[in-house]
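Enquirer: Following this message is one structure expressed as structure tokens.
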Amino acid sequence: MARADGSGHAPTRHTRAESGHTHMNAAPPGPAPWRAIAAGASASFVGIGLARFAYTPLLPELINAHWFSPSAVAYLGAANLAGYLLGALAARRVARRLGDRRALRWMMALATVGLLACSVPVSAVWFFAWRLVSGVAGGVIMVRVAGAVLPHLRGERRGLAGGAIFAGLGLGIAASGTLVPLLLTAGLSSAWIGLAALSALLTVLSWHGWPTPRASAAATPSGAAPREGGSAGSPRLALLLVQYALISMGLVPAMSFLADFVSRGLGRGSGSGSMVWIVYGLGALVGPTLYGLLGDRLGFARALLLITLVQTGALITLAFVHDLPEVAVLSAVIGSFPPGVVPVVLGRVHELVPARTEEQSTAWGQATVAGALSLAVSAYLYSYVFDLTGQNHRVLFLIGGGALVLALLTGLATRFVHSGGDHTARVTASGRVTTAG
């Protein structure tokens, strides 16, 4: 995984003390590294893994229990993605006002309250508002969580930390697929309450796990490599934002409709839909680590092209299969993509902007906003098409596959664009900086 500060050297205690003298003469020691990593993973687990992905296996039951109509359920699901966009846009302002520690703590708490509020179907407006709020929390968490943890860890720990933080997304998907069917035996309201209780527990356990902010985290480390790739306004980065937006558009059909496709589209019932969603979650568990390793071995630009190619084939194939075993295999492949593509895109950002933590944070925020905007807009587009086509899931999968094809073409175009020089710095998990064309 790429380093968040672009440096292969850990700041010494002397440097940290000097950089923090404007705040206090001797900053208290922060939490153990494993606690900081666990806090980051818990945040992505709660804010996105549960707050967003638990909705998918609940979707058929929301319809069957007559809480909302099929078309309303689709639009309500998209509310979380709209909130995610708002959160991504507001993340820097929220962090500037509260600090990363407080912002991440309260966003986890807000996501928890959103899950609890959804246990009571007061009205469609009520449900929409709380799905929107939970999305805002997830957007802030996605933009700020890596920068809140990675710069405060020793260099040799950052590759592991990045994979662990984003594995929280996959853990949330897997947990939602495992827990939701069990919780539904007690009723739909109880399922939402159970998810909120789990989120509350993780919020409390991680409350004191966040690193203490230091001024040095935003500065360029003394051992940082010279910046070779480009700035946050480079042409290559702009194309990466377009590529990530198209990839995000390709994520939505399976992410939002897979369980419903199996349950109602194939007529296999909610039990089979939940089972396939568990398989999707198992893929999500291995995605961040597997794809991050691939990025270290091939370079993140090549890795992004390769995994997008695989996902394109899997999603288009899903539009034509009918047998449950085939759907399950494809679900595992497709499930690895939503959480797995995140560290790859982050690694690509660090290749393009390798030296300065603040520039990396800005560029990663731009990428998150681009992805969030695409998720929000395409979610409503898919909901409209779903309603227009008489709830035809296969059309949605084909549209998503088309978006991934365009993402592939954009990624290939990036290889012919130079940004600030002929080479892009590559920062490996070991901290070694090399160059890649």
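Order determines the names: the first chain of the structure tokens is A, the second B, and so forth; residues in each chain are numbered 1 upward, and ligands are numbered 1 upward as they are shown.
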Which polymer residues have any atom within 8 Å of an atom of region 239-248 of chain A, counting only C-alpha atoms, with same-chain residues fewer than 6 positions away left out, as a PyMOL selection string?

Expert: chain A and resi 308+345+366-367+370-375+403-404+406-408+410-411+414

Enquirer: Output C-alpha atoms for every residue in that selection, as a PDB file, in the first residue's frame.

Expert:
ATOM      1  CA  THR A 308     -11.684  -3.209 -13.772  1.00  0.00           C
ATOM      2  CA  VAL A 345      -7.352   4.324  -6.216  1.00  0.00           C
ATOM      3  CA  GLN A 366     -11.403  15.068  -4.834  1.00  0.00           C
ATOM      4  CA  ALA A 367     -11.440  11.391  -5.820  1.00  0.00           C
ATOM      5  CA  ALA A 370     -16.008  12.282  -7.802  1.00  0.00           C
ATOM      6  CA  GLY A 371     -16.953   8.760  -6.771  1.00  0.00           C
ATOM      7  CA  ALA A 372     -19.667   9.965  -4.421  1.00  0.00           C
ATOM      8  CA  LEU A 373     -21.193  12.242  -7.056  1.00  0.00           C
ATOM      9  CA  SER A 374     -21.272   9.363  -9.511  1.00  0.00           C
ATOM     10  CA  LEU A 375     -22.779   7.013  -6.913  1.00  0.00           C
ATOM     11  CA  ALA A 403     -19.793   2.231 -17.404  1.00  0.00           C
ATOM     12  CA  LEU A 404     -16.882  -0.068 -16.543  1.00  0.00           C
ATOM     13  CA  LEU A 406     -15.742   3.451 -20.355  1.00  0.00           C
ATOM     14  CA  ALA A 407     -13.616   3.364 -17.182  1.00  0.00           C
ATOM     15  CA  LEU A 408     -11.214   0.973 -18.909  1.00  0.00           C
ATOM     16  CA  THR A 410     -10.271   6.255 -19.626  1.00  0.00           C
ATOM     17  CA  GLY A 411      -7.576   4.326 -17.774  1.00  0.00           C
ATOM     18  CA  THR A 414      -4.235   8.053 -18.938  1.00  0.00           C
TER      19      THR A 414
END

Enquirer: Please report, as a tab-separated table, each residue of region 164-184 of chain A lying at most 8 Å from region 45-66 of chain A, together with the nearest pair of atoms and the separation in Å rounded to one decimal; use only C-alpha atoms, and order rows by chain and ascending residue number.

Expert:
residue	atom	partner	partner_atom	distance
A:Gly168	CA	A:Phe45	CA	4.4
A:Leu169	CA	A:Gly49	CA	4.5
A:Gly170	CA	A:Gly49	CA	6.6
A:Leu171	CA	A:Phe45	CA	6.4
A:Gly172	CA	A:Gly49	CA	3.7
A:Ile173	CA	A:Gly49	CA	5.3
A:Ala175	CA	A:Leu50	CA	7.8
A:Ser176	CA	A:Ala54	CA	4.8
A:Gly177	CA	A:Pro57	CA	6.6
A:Val180	CA	A:Pro57	CA	7.0

Enquirer: Since we have the selection now, will you write its residues out, keeping N, CA and C atoms, as a PDB file, in the first residue's frame?

Expert:
ATOM      1  N   GLY A 168     -12.482  -2.838   6.611  1.00  0.00           N
ATOM      2  CA  GLY A 168     -13.689  -2.594   7.386  1.00  0.00           C
ATOM      3  C   GLY A 168     -14.926  -2.530   6.511  1.00  0.00           C
ATOM      4  N   LEU A 169     -14.767  -2.050   5.274  1.00  0.00           N
ATOM      5  CA  LEU A 169     -15.901  -2.042   4.345  1.00  0.00           C
ATOM      6  C   LEU A 169     -16.363  -3.464   4.065  1.00  0.00           C
ATOM      7  N   GLY A 170     -15.391  -4.326   3.748  1.00  0.00           N
ATOM      8  CA  GLY A 170     -15.729  -5.715   3.454  1.00  0.00           C
ATOM      9  C   GLY A 170     -16.307  -6.432   4.659  1.00  0.00           C
ATOM     10  N   LEU A 171     -15.749  -6.148   5.834  1.00  0.00           N
ATOM     11  CA  LEU A 171     -16.284  -6.759   7.051  1.00  0.00           C
ATOM     12  C   LEU A 171     -17.729  -6.332   7.281  1.00  0.00           C
ATOM     13  N   GLY A 172     -18.022  -5.062   6.975  1.00  0.00           N
ATOM     14  CA  GLY A 172     -19.394  -4.585   7.136  1.00  0.00           C
ATOM     15  C   GLY A 172     -20.352  -5.276   6.190  1.00  0.00           C
ATOM     16  N   ILE A 173     -19.895  -5.482   4.940  1.00  0.00           N
ATOM     17  CA  ILE A 173     -20.739  -6.182   3.969  1.00  0.00           C
ATOM     18  C   ILE A 173     -20.995  -7.612   4.423  1.00  0.00           C
ATOM     19  N   ALA A 175     -20.734  -8.849   7.452  1.00  0.00           N
ATOM     20  CA  ALA A 175     -21.528  -8.864   8.677  1.00  0.00           C
ATOM     21  C   ALA A 175     -22.995  -8.587   8.390  1.00  0.00           C
ATOM     22  N   SER A 176     -23.260  -7.670   7.459  1.00  0.00           N
ATOM     23  CA  SER A 176     -24.658  -7.381   7.143  1.00  0.00           C
ATOM     24  C   SER A 176     -25.339  -8.593   6.535  1.00  0.00           C
ATOM     25  N   GLY A 177     -24.601  -9.325   5.680  1.00  0.00           N
ATOM     26  CA  GLY A 177     -25.188 -10.514   5.078  1.00  0.00           C
ATOM     27  C   GLY A 177     -25.387 -11.638   6.071  1.00  0.00           C
ATOM     28  N   VAL A 180     -28.075  -9.852   9.202  1.00  0.00           N
ATOM     29  CA  VAL A 180     -29.424  -9.428   8.825  1.00  0.00           C
ATOM     30  C   VAL A 180     -30.418 -10.581   8.802  1.00  0.00           C
TER      31      VAL A 180
END

Enquirer: At what distance in Å, to one decimal, does CA of Arg394 (chain A) lie from CA of Ala319 (chain A)?

Expert: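 Spanning CA of Ala319 (chain A) to CA of Arg394 (chain A) is a straight-line distance of 4.6 Å.
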
Enquirer: Which residues are near Leu251 (chain A)? Cut-off 8 Å, only C-alpha atoms, ignore same chain within fewer than 5 positions. Put them as a list in words.

Expert: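 Non-adjacent residues within range: Phe337, Pro338 and Gly400 of chain A.
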
Enquirer: Taking N, CA and C atoms for each residue, export the selection above as a PDB file, in the first residue's frame.

Expert:
ATOM      1  N   PHE A 337     -14.892  -5.951  -5.385  1.00  0.00           N
ATOM      2  CA  PHE A 337     -14.564  -4.699  -6.056  1.00  0.00           C
ATOM      3  C   PHE A 337     -14.877  -3.443  -5.250  1.00  0.00           C
ATOM      4  N   PRO A 338     -16.093  -3.270  -4.674  1.00  0.00           N
ATOM      5  CA  PRO A 338     -16.387  -2.005  -3.986  1.00  0.00           C
ATOM      6  C   PRO A 338     -15.372  -1.640  -2.896  1.00  0.00           C
ATOM      7  N   GLY A 400     -24.294  -0.940 -15.962  1.00  0.00           N
ATOM      8  CA  GLY A 400     -23.100  -0.897 -15.117  1.00  0.00           C
ATOM      9  C   GLY A 400     -21.876  -1.425 -15.848  1.00  0.00           C
TER      10      GLY A 400
END

Enquirer: Which residues of region 225-329 of chain A sit at most 12 Å from region 67-73 of chain A, using only C-alpha atoms? Give each one's shortest atom pair and distance in Å (one decimal place), in chain and ascending residue order, as CSV.

Expert:
residue,atom,partner,partner_atom,distance
A:Ser256,CA,A:Val73,CA,10.4
A:Phe257,CA,A:Val73,CA,10.7
A:Asp260,CA,A:Pro70,CA,10.1
A:Arg264,CA,A:Pro70,CA,10.9
